[in-house]
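Q: Structure below; questions to follow.
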Amino acid sequence: MTETLLADVQDYFSVKADAYDDVDLQPYWMLSDRLLAAALKDEVLSKLPEGFRFLDAGCGTGRWTTFFAEQAPASRGTSFDLTAEMLAVAEEKAERRGFADRVSFVRGDLADVSETLAGQTFDLAFNFHNVLGFVADPEKVIADIAGLLNPGGLLVSFLPSVWHTAFFNISVGNLDEAEKALAGRGRFTTSMPDMHLFDIERIERMHAAAGLELDVVSGFPNVIYPGYQETQLHGSTEKLVGILAGENADRIFEMENALRKTPGIAPRSNNLFVVSRRPA
């Protein structure tokens, strides 16, 4: 990662660490996380061996380290992140929830992950939300992580979408950012660093170059999208709060959970969900 980008990403996340998990209180991201958990149970957990080893590549506050550690009590893992403040929250969470003895925490740059974790191998590696967007060279990082997988191991990514980023910026009246997004780089607010954005062609190309076979290319949510307030750690778009209130949340979840399995749905998706496999 270039020195400027490295500093920008560290600065952006370090000040958010203590409050980052407050996104769990926002109805839209509660829906998105519920869909991601359902997809992981369907498409990933059922395909892993007992006692699998995982790598959370860009773990942040350990929200998805926690998911896998608690869903699979025999699993062991490594949680890897650039930002010391995020890692401190993740480690405290592991201690508090009782799986610290099964997870190690490593601070480092994903640009150097193959060297930092040399000699370790994993049955599962995952990077969620904007992690691959914020690295200098996503293609290299994917290839390096692929090299850490055991034969038959899975790589799961949840990626920022070219199309949704353009749509979002048009919806808030920022046509300059929308045009930039369609060229493959973008952001949702002026306070965040630019990030890489992904479409199906880039996903197929980068995984093929890394020697990975694609099992799933999908995404979600698909028929309900975030507003500006969902780009912040606190608050929610008032209209979305109403739409996702009460039993509506369950009904919309059921619709979205069915839609994520629809062939060709990914270009509609807020985030792109990708499962790939290192050949056995």
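Convention: chains lettered A, B, ... in structure tokens order; per-chain residue numbering from 1; ligands numbered from 1 as shown.
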DSSP on the backbone: what in segment 30-273 of chain A comes out helix (DSSP H, G or I), as an NGL selection string?
A: :A and (30-43 or 45-47 or 63-71 or 84-97 or 100-102 or 110-116 or 132-134 or 138-146 or 162-171 or 175-182 or 200-209 or 228-231 or 238-243 or 247-259 or 266-268)
Q: Tell me, as number ranges by chain, which residues lie within 12 Å of Leu36 of chain A, counting only C-alpha atoms; anything in the same chain fewer than 6 positions away does not count.
A: A: 29-30, 42-44, 63-64, 67, 128-129, 156-159, 218-221, 253, 256-257, 260, 270-274
Q: Those residues you just picked out, can you put them in a file as a compact mmCIF listing (two decimals), in the first residue's frame with N, CA, C and O atoms?
A:
# COMPACT_ATOMS: atom_id res chain seq x y z
N TRP A 29 -28.37 -1.73 8.10
CA TRP A 29 -27.20 -2.62 8.22
C TRP A 29 -27.52 -3.86 9.02
O TRP A 29 -26.88 -4.90 8.84
N MET A 30 -28.54 -3.78 9.89
CA MET A 30 -29.01 -5.01 10.54
C MET A 30 -29.56 -5.98 9.49
O MET A 30 -29.29 -7.19 9.54
N ASP A 42 -25.43 -20.76 4.30
CA ASP A 42 -25.82 -21.57 3.14
C ASP A 42 -24.64 -21.96 2.28
O ASP A 42 -24.52 -23.11 1.83
N GLU A 43 -23.78 -21.00 1.99
CA GLU A 43 -22.78 -21.16 0.94
C GLU A 43 -21.37 -21.46 1.44
O GLU A 43 -20.50 -21.83 0.65
N VAL A 44 -21.13 -21.29 2.73
CA VAL A 44 -19.76 -21.40 3.24
C VAL A 44 -19.64 -22.40 4.38
O VAL A 44 -18.90 -23.39 4.27
N ARG A 63 -16.20 -8.22 14.01
CA ARG A 63 -17.62 -8.59 13.95
C ARG A 63 -17.81 -9.95 13.27
O ARG A 63 -18.62 -10.77 13.71
N TRP A 64 -17.05 -10.21 12.20
CA TRP A 64 -17.24 -11.48 11.47
C TRP A 64 -16.28 -12.56 11.94
O TRP A 64 -16.56 -13.75 11.78
N PHE A 67 -18.60 -14.02 14.37
CA PHE A 67 -19.60 -14.88 13.73
C PHE A 67 -19.05 -16.29 13.52
O PHE A 67 -19.67 -17.28 13.92
N PHE A 128 -14.59 -8.57 4.13
CA PHE A 128 -15.97 -8.11 4.00
C PHE A 128 -16.05 -6.58 3.89
O PHE A 128 -15.18 -5.85 4.36
N HIS A 129 -17.14 -6.16 3.26
CA HIS A 129 -17.45 -4.75 3.05
C HIS A 129 -16.34 -4.10 2.22
O HIS A 129 -16.03 -4.60 1.15
N VAL A 156 -13.94 -15.86 0.58
CA VAL A 156 -15.24 -15.18 0.52
C VAL A 156 -15.01 -13.68 0.60
O VAL A 156 -14.31 -13.20 1.50
N SER A 157 -15.59 -12.95 -0.35
CA SER A 157 -15.44 -11.50 -0.39
C SER A 157 -16.81 -10.84 -0.45
O SER A 157 -17.74 -11.37 -1.07
N PHE A 158 -16.93 -9.70 0.20
CA PHE A 158 -18.14 -8.87 0.16
C PHE A 158 -17.66 -7.49 -0.27
O PHE A 158 -17.02 -6.78 0.50
N LEU A 159 -17.94 -7.13 -1.52
CA LEU A 159 -17.21 -6.08 -2.21
C LEU A 159 -18.07 -4.87 -2.55
O LEU A 159 -19.26 -5.01 -2.86
N SER A 218 -22.92 -13.23 -6.37
CA SER A 218 -24.25 -12.72 -6.09
C SER A 218 -24.12 -11.38 -5.39
O SER A 218 -23.12 -10.67 -5.58
N GLY A 219 -25.10 -11.02 -4.59
CA GLY A 219 -25.02 -9.78 -3.84
C GLY A 219 -26.33 -9.44 -3.18
O GLY A 219 -27.36 -10.07 -3.44
N PHE A 220 -26.29 -8.43 -2.34
CA PHE A 220 -27.47 -8.01 -1.59
C PHE A 220 -27.11 -6.78 -0.77
O PHE A 220 -25.91 -6.48 -0.62
N PRO A 221 -28.11 -6.10 -0.22
CA PRO A 221 -29.51 -6.11 -0.59
C PRO A 221 -29.74 -5.67 -2.04
O PRO A 221 -28.90 -4.98 -2.62
N PHE A 253 -36.56 -9.22 4.69
CA PHE A 253 -35.47 -10.20 4.74
C PHE A 253 -35.81 -11.41 3.87
O PHE A 253 -34.96 -11.89 3.11
N GLU A 256 -35.46 -10.51 0.21
CA GLU A 256 -34.06 -10.32 -0.16
C GLU A 256 -33.29 -11.64 -0.14
O GLU A 256 -32.43 -11.89 -0.99
N ASN A 257 -33.59 -12.48 0.84
CA ASN A 257 -32.86 -13.74 0.95
C ASN A 257 -33.15 -14.65 -0.24
O ASN A 257 -32.28 -15.40 -0.68
N ARG A 260 -31.23 -13.09 -3.48
CA ARG A 260 -29.77 -13.25 -3.61
C ARG A 260 -29.39 -14.51 -4.36
O ARG A 260 -28.26 -14.63 -4.86
N ASN A 270 -26.32 -3.91 -3.57
CA ASN A 270 -25.55 -2.90 -2.85
C ASN A 270 -24.10 -3.36 -2.72
O ASN A 270 -23.18 -2.62 -3.06
N ASN A 271 -23.89 -4.57 -2.21
CA ASN A 271 -22.55 -5.16 -2.15
C ASN A 271 -22.55 -6.49 -2.91
O ASN A 271 -23.58 -7.16 -2.99
N LEU A 272 -21.39 -6.86 -3.42
CA LEU A 272 -21.24 -8.07 -4.21
C LEU A 272 -20.68 -9.19 -3.33
O LEU A 272 -19.67 -9.00 -2.63
N PHE A 273 -21.33 -10.34 -3.35
CA PHE A 273 -20.97 -11.48 -2.52
C PHE A 273 -20.33 -12.54 -3.40
O PHE A 273 -20.96 -13.04 -4.35
N VAL A 274 -19.09 -12.89 -3.11
CA VAL A 274 -18.32 -13.78 -3.97
C VAL A 274 -17.70 -14.90 -3.14
O VAL A 274 -17.04 -14.65 -2.12
Q: Out of segment 4-248 of chain A, which residues get strand (DSSP E) from DSSP, as an MDAnalysis selection string?
A: chainID A and resid 53:57 76:81 103:107 122:127 149:160 185:186 195:196 213:220
Q: Applying 7 Å and only C-alpha atoms, which residues near Ser14 of chain A remain after dropping the ones on its own chain fewer than 6 positions away? List them as a list in words.
A: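 What passes the distance filter is Thr83, Glu85 and Met86 of chain A.
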Q: Give me a file of those residues, with N, CA, C and O atoms, as a PDB file, in the first residue's frame.
A:
ATOM      1  N   THR A  83      -5.212  -1.472  11.440  1.00  0.00           N
ATOM      2  CA  THR A  83      -5.419  -0.402  12.407  1.00  0.00           C
ATOM      3  C   THR A  83      -5.389  -0.931  13.830  1.00  0.00           C
ATOM      4  O   THR A  83      -6.212  -1.770  14.211  1.00  0.00           O
ATOM      5  N   GLU A  85      -6.230   0.421  16.616  1.00  0.00           N
ATOM      6  CA  GLU A  85      -7.429   0.714  17.411  1.00  0.00           C
ATOM      7  C   GLU A  85      -8.552  -0.279  17.119  1.00  0.00           C
ATOM      8  O   GLU A  85      -9.288  -0.695  18.026  1.00  0.00           O
ATOM      9  N   MET A  86      -8.714  -0.664  15.853  1.00  0.00           N
ATOM     10  CA  MET A  86      -9.710  -1.667  15.499  1.00  0.00           C
ATOM     11  C   MET A  86      -9.353  -3.018  16.111  1.00  0.00           C
ATOM     12  O   MET A  86     -10.215  -3.716  16.676  1.00  0.00           O
TER      13      MET A  86
END
Q: Restricting the calculation to only C-alpha atoms: of A:Phe126, A:Phe13, A:Phe54, A:Trp163, which residue gets closest to Glu179 of chain A?
A: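 Result for the nearest residue to Glu179 of chain A: A:Trp163.
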Q: Could you check how far atom CA of Ser161 of chain A sits from atom CA of Thr66 of chain A, in Å to one decimal?
A: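 Taking atom CA of Ser161 of chain A as the start and atom CA of Thr66 of chain A as the end point, the length is 25.2 Å.
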Q: Which one is closest to Gly51 of chain A: A:Asp21, A:Asp123, A:Glu213, A:Glu95? Count only C-alpha atoms.
A: A:Asp123
Q: For Tyr28 of chain A, work out the shell of residues within 9 Å, counting only C-alpha atoms and skipping chain neighbours fewer than 5 positions away, then give it as a list in words.
A: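 Listed by chain and then number, they are Asp33, Ile224, Tyr225, Pro226, Glu230, Ser236, Thr237, Leu240, Val241 and Leu244 of chain A.
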Q: Emit the selected residues as a PDB file, in the first residue's frame, including C-alpha atoms.
A:
ATOM      1  CA  ASP A  33     -25.753  -8.339   8.165  1.00  0.00           C
ATOM      2  CA  ILE A 224     -33.805  -1.668  -0.707  1.00  0.00           C
ATOM      3  CA  TYR A 225     -30.812   0.654  -0.622  1.00  0.00           C
ATOM      4  CA  PRO A 226     -29.106   2.833   1.996  1.00  0.00           C
ATOM      5  CA  GLU A 230     -26.323   4.948   6.514  1.00  0.00           C
ATOM      6  CA  SER A 236     -30.657   6.283  10.116  1.00  0.00           C
ATOM      7  CA  THR A 237     -32.589   7.594   7.150  1.00  0.00           C
ATOM      8  CA  LEU A 240     -35.820   3.422   5.981  1.00  0.00           C
ATOM      9  CA  VAL A 241     -36.541   3.224   9.701  1.00  0.00           C
ATOM     10  CA  LEU A 244     -37.889  -1.713   8.193  1.00  0.00           C
TER      11      LEU A 244
END
Q: Just the number, please: distance in Å from atom CA of Thr116 of chain A to atom CA of Phe80 of chain A, one decimal.
A: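 According to the coordinates, atom CA of Thr116 of chain A and atom CA of Phe80 of chain A are separated by 9.9 Å.
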Q: Using only C-alpha atoms, determine which residues lie at most 10 Å from Ala72 of chain A, disregarding the query and same-chain residues fewer than 3 positions distant; provide the list as a ChimeraX atom specification.
A: /A:45,48,50-52,66-69,75-76
Q: Which neighbours of Ala208 of chain A fall inside 12 Å, counting only C-alpha atoms, when residues of the same chain fewer than 3 positions from it are skipped, and could you give them as a PyMOL selection string?
A: chain A and resi 139+142-143+146+201-205+211-214+276-279
Q: Please measure the separation of atom CA of Gly152 of chain A and atom CA of Leu124 of chain A, giving the value in Å to one decimal.
A: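 Going from atom CA of Gly152 of chain A over to atom CA of Leu124 of chain A covers 9.3 Å.
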Q: Using only C-alpha atoms, which of the listed residues (A:Val172, A:Val216, A:Ala210, A:Ile265) sits closest to Tyr228 of chain A?
A: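 Checking each of A:Val172, A:Val216, A:Ala210, A:Ile265 against Tyr228 of chain A, counting only C-alpha atoms, the winner is A:Val172.
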Q: Distance table requested - segment 13-35 of chain A against segment 90-94 of chain A, cut-off 12 Å, only C-alpha atoms: one row per qualifying residue with the closest atom pair and its distance in Å to one decimal, ordered by chain and rising residue number, as a tab-separated table.
A:
residue	atom	partner	partner_atom	distance
A:Ala17	CA	A:Ala90	CA	9.5
A:Asp18	CA	A:Ala90	CA	10.4
A:Tyr20	CA	A:Ala90	CA	10.9
A:Asp21	CA	A:Ala90	CA	10.4
